[in-house]
Amino acid sequence: MIPVTIDGQRLEVEPGTTILAAAKQAGIAIPTLCDSPLVSASGMCRVCSVEVTDGRPGRVVTACNYPLHEPTVVATRSERALRTRRGVVELMLARWPNVPVVLELARDLGLSEARFTHPKRNLNSKACILCGLCVRLCDEGVWHHVLAFEGRGDDRRVVMPFGTQNATCVGCMACANICPTGAITFSGDPNDPVDAARIRRAGSELTREVVLLDRQQCHMREVGTAHLVEVMNDYDLLPVHNYRFGAHADTHKIASDKFKKVFTQGVADGCSLGCDMGCAKAVEGHVLRTGPDKGKKVLVDGPEYETAAGCGSNIGVFEPWVIVELNYYCDHYGVDTISYGTLTAFVMECFEAGVLDLERTGGLDLRFGSFDGALELLHQMARGEGFGLIAGQGVRRMKGIFAERFGADPAYLQDIGMEAKGLEYSEYVTKESLAQQGGYGIALKGAQHDEAWLIFMDMVNKQIPTFEDKAEALHYFPMWRTWFGLNGLCKLLWNDVEPEDNGTSGAPAKVPAHVRGYCEFVAGMTGREVTPDDLIVQSERVYNFQRVFNLKAGFGRRAHDVIPYRSQGPVTAEEYVSRQERYDKQLKEEIGLDPTAMTLDERRAALRKYREDRYQSLLDAVYKRRGWTSDGIPTLAKVRSLGLDKVEGLVELLAAHGVTE
Amino acid sequence: MSRLTLESLERAPSPAVAAPGAQVLVCSATECVSVRARAVREALETEIRKRGLGDRVEIVATGCHGLCARGPVCVVQPDGVFYERLTPNEVPHLVESHFVQGRPYADLLYHENGAGGTLACERDIPFFAKQSRLAFRNRGRLDPESLDAAIASGAYQALRGALRAGASGDQLVAQLVRSGLRGRGGGGYPTGLKWQAALEAARARNVRPVVVCNADAGGGVAVMDRIIVESDPHLVIEGLALGALALGAVEGFVYIRLEYALALARLQRAVAQAREAGLLGTGILGTAFDFDLAVHRGAGAFVCGESTALIASLEGRAPEPRATYVHSAVEGYRGLPTVVNNVETWANVPAIVRDGPEAFASIGTGDVSASPWRGNSGTKVFSLLGAVRNTGIVEVPMGTTLRELVFDIGGGMAKGRAFKAAQIGGPSGGVLPASALDLPLDFDTLAEAGSMMGSGGLIVMDDRTCMVEAARYSVDFLAEESCGKCTPCRDGLVALRGVLERITLGEGRESDLALLEDLCDTIGEGSLCGLGETAPNPVRSTLRHFRAEYETHVREHRCPGGVCKALIRYTIEANCTGCTSCAKQCPTGAITGEDKKLHHIQQDLCIKCGSCFDVCHDDAVLIR
């Protein structure tokens, strides 16, 4: 710590703390103009000039960017400091005599008018005062680099370079919102919102949080979702070896710091125009080592968390380059990295269990961690050759094929084949979160977490202990997340960055301040006031229609909401033993059995029965909360309340499935 | 040239071995080229060939000799006879006289103005005799386009010695510290300390520093850096290579102004030569030392004298400085420790390494053993301009007095006028009065006197100079060159210029002097970088030394220097002989009068250009 004296007040600060930050700690206000926590300090305006003495001759420095590295005496209001500050503000006053922020500074310093004239005197009260906040925010915060200074000396002005409307500008308005004078205006919004200012207010709050808080929260701007690799590992949620385990000693090799090094930093990602979060990351200059493009230098879009886990830990691969290479070829071939990762994990487990062998795989070594085999499998899938022809059909069909052709036990394959409704699981271990098991099992499109991600609420924070609590979460969150889909919005800005005070908001998992922001967005866009509940009803209408659609397609009943036991508990003895303490405790405390008096097989059987029963009870609770029958079909009353009964043939369809009230 | 090694370079011809026969060293630097030096050289070549003298007379196109006022110039070796103001027409006479008849051609010998005699030899001419040679040691001796010539003059021997001895970074840096070399670009920062900071930062972070040569210096005054590059590019390259060796840098840049066409071309040629000869690139001189140099062309912004602005430009951004609370030696080009020194500083490095720091420290003044900040070692190259006879590029030991520069080397005041002031350090240098003539010119004395070394521009002003106008002129330049990033420099200089303007227009107020001082304080104390911090110097120093002149402008609406047009009037006095010269010269026909009779200036037509004043032989034109 560095001892510092500011205006006679002594304090200790971290090395490198700026004078401005130190003064704030001491409760001493220093006027600023071009400073904002959203952007780097530049020392442009010089309003925060103070006097320092640090062993060298005393001198005037700017508080905003002067780092304290040695004992320093600072005088914020010495005659010399004030003289400089006054001089600077007098210059501004001469040039911009009607701009409120300048007038305010002048008044505080006892200046009424300048003693000289400025040849570029501008009487506009909304004149640009060249503080550069907009330029820096567009550069550092928004990453669009649309604004710049042009000209030198007093010809300096803020422009889009070369005086042209830069097509990269997406009208995010971050610049206009940070401008202290209102000099930046916006024209011609093609979306023609009813109340653009209202949308911008909500948007600029989000910009502030992203630029300011992300670096303390999820680091989405630096590593995107890849930051989850180590988080999931820490909570035993990272799928390892086909979801058998939730953590691995080698996870650090594919942790986000490894990807941060290869991700291009500080550029807008082009994923969604004007998005300040820019979490879609890319690896530039990856030289491919396999496949048809071998030797070529390519840009790889990703990897995201799901790819890192699916093409990494879940198949026993802890080599970042393999993950990047699989990412590239999956994209190149049009294969989903999650489905590829999960089906390969299934294949590998079957290989190690003896269901498959080198002969059956056509010579591919598909043990966990065999990345040569994994890469070649992907190339074969794309070419429609060899074992790739079988694997490419996905887990559900492979289960049938393996039983039929190779004589494998169908029940075992059902237990370890991680799919629901034919879709491969995404990359979370759900064994200890019943609510998330439901999240995967009931999801309309199959085992995907985009309807609900409840593991932390359920397992870590224990906020939803009862079936009813879980059912409420499995009602609210799927409906809320569906709302993003309805509006073509990304969900990441909802809860991958949160306001500082979200923890005390009463319902932190819902991020209430952001939900209100979306209401503002809808109201600003359409001119219709909406409440958070209104948004949920919008979703419910669509969601229930989709469930009925599933029903028509042969997927909409309780029987279709089944999930493999691997997602509920330990399938094998090895899995049980690896977390024995946890499972024994549950037998003892929740089921009332004495594990020490039981064989391992007995324990597994008892635990399985308990967990499977609880899953069924969860389905009952969720169906009830959603207004569905115990078979998982929307009731007539529900359908009517949402106005869906007007859809032609819908009531008849329900009746055909025995739902008449 | 084939690749050199430590051994083959050691065997290279030593500087002591002179070429047989006579050499005509014709200046081919920009200044002389601009007055047809190339045509003179071609005429010499033709004439020598024509007379069959080709086998005993060699014509060498050299770098700058320094005496630009008398260009084109040449020196004939081995005797050292100096010829000035050459023209192609005079060449046959010169060749006839010097090489055929064997006596110096008197018409083009150095004319000591007013002294009545002529001096034949370079060593007898005070301009040359009183100078030292260090940074500019090959002045007028070397074909700057030939690596062979450079090597024959001893180039790269310091580098060879350091590589042969296996000198460590710490040893080389310690040598620099002990030498007392301080940055010749303006600030006077001890070069060794800068290197040390970079070395330490690089070690702490396990990165390689970058070395940069600032060859952008300008401001219309300080041309010495360009001249050194034009005249001896290999000296600069060797300096950078030694810096890289000391710091462990593999990457270096020369940042050079695009408009310095000749310097740029010669530098690029020299870098290519050095690369081909194994003096740059991988495995330099057959050792494990790797270092390469890129030539980066700058668009010409005065603010690039600020290392952080220069680095921004190198990085491809607009040249705007940043706060130097963290020095670029610690965090510079792409965040790497970066040593930026100017041309003259780098040019001093080989001599320090070759001859040892003590030899360097023995030149000049100050006591570097007390502190690196106390040394004023070595020489300083000045760009001597203005109202002296011998304008040009001069190199003198630190601590030489202004009087010696102006009256001995500079040959005294031009047109026999009186010395009034000298502005040292370029446009942001302070102006010193006649009472400062005996001050030793070194970093610290100049700073105390309210001026600065700057990069060594030195403008001499005579008694027909208005100090308010001189200050206005400098401030105007600086206001134009301000990058505009920070308020005090951007708007302060404009305000300062406005107040100075109104004083020169006779519209000044009594309160303006205090206002000027306030503005100077705001700009000097409040600005972000050195450009703004030093920008008030011309105003502050003239207020300090010539305050009465300001007061006369403000109170009496009179310009004592006779320069401010709004405050002066040209008149013709009774001693007019009616020669009509002035009337013929007057561009607006404002002068009337018959032949042999008193002339008269019609004030309403007069634009106060001063042509009549300049042309009058009888001092009959007066400025009131």
# chains A, B, ... in the order shown; residues from 1 in each chain; ligands from 1
>>> interface_residues(of="chain A", to="chain B", cutoff="9 Å", atoms="only C-alpha atoms", output="MDAnalysis selection string")
chainID A and resid 42:47 49 59:62 65:67 80 83:89 91:92 94:95 115:119 130:132 149 151:156
>>> select_by_dssp(residues="stretch 373-486 of chain A", states="helix (DSSP H, G or I)", output="count of residues only")
69
>>> atom_distance(atom1="atom CA of B:Ala37", atom2="atom CA of B:Asp216")
24.5 Å
>>> residues_around(residues="B:His327", least_positions_apart="5", cutoff="9 Å", atoms="only C-alpha atoms", output="list in words")
Ala197, Thr308, Gly332, Pro337 and Thr338 of chain B
>>> write_last_selection(atoms="N, CA, C and O atoms", output="PDB file, in the first residue's frame")
ATOM      1  N   ALA B 197      16.087   2.293 -17.611  1.00  0.00           N
ATOM      2  CA  ALA B 197      14.673   2.075 -17.283  1.00  0.00           C
ATOM      3  C   ALA B 197      14.076   1.041 -18.234  1.00  0.00           C
ATOM      4  O   ALA B 197      13.320   0.157 -17.817  1.00  0.00           O
ATOM      5  N   THR B 308       5.664   9.988 -27.110  1.00  0.00           N
ATOM      6  CA  THR B 308       4.413   9.220 -27.080  1.00  0.00           C
ATOM      7  C   THR B 308       3.579   9.467 -28.328  1.00  0.00           C
ATOM      8  O   THR B 308       2.863   8.592 -28.796  1.00  0.00           O
ATOM      9  N   GLY B 332       5.887   1.604 -24.150  1.00  0.00           N
ATOM     10  CA  GLY B 332       5.855   2.424 -25.356  1.00  0.00           C
ATOM     11  C   GLY B 332       5.199   1.717 -26.511  1.00  0.00           C
ATOM     12  O   GLY B 332       4.038   1.310 -26.417  1.00  0.00           O
ATOM     13  N   PRO B 337       8.706  -1.808 -23.693  1.00  0.00           N
ATOM     14  CA  PRO B 337       9.654  -0.755 -23.311  1.00  0.00           C
ATOM     15  C   PRO B 337      10.296  -0.196 -24.581  1.00  0.00           C
ATOM     16  O   PRO B 337      10.771  -0.958 -25.413  1.00  0.00           O
ATOM     17  N   THR B 338      10.265   1.120 -24.721  1.00  0.00           N
ATOM     18  CA  THR B 338      10.708   1.717 -25.980  1.00  0.00           C
ATOM     19  C   THR B 338      11.635   2.885 -25.716  1.00  0.00           C
ATOM     20  O   THR B 338      11.279   3.815 -25.007  1.00  0.00           O
TER      21      THR B 338
END
>>> residues_around(residues="B:Leu258", least_positions_apart="2", cutoff="8 Å", atoms="only C-alpha atoms", output="list in words")
Ile256, Tyr260, Ala261, Leu264, Arg297, Gly298, Ala299 and Gly300 of chain B
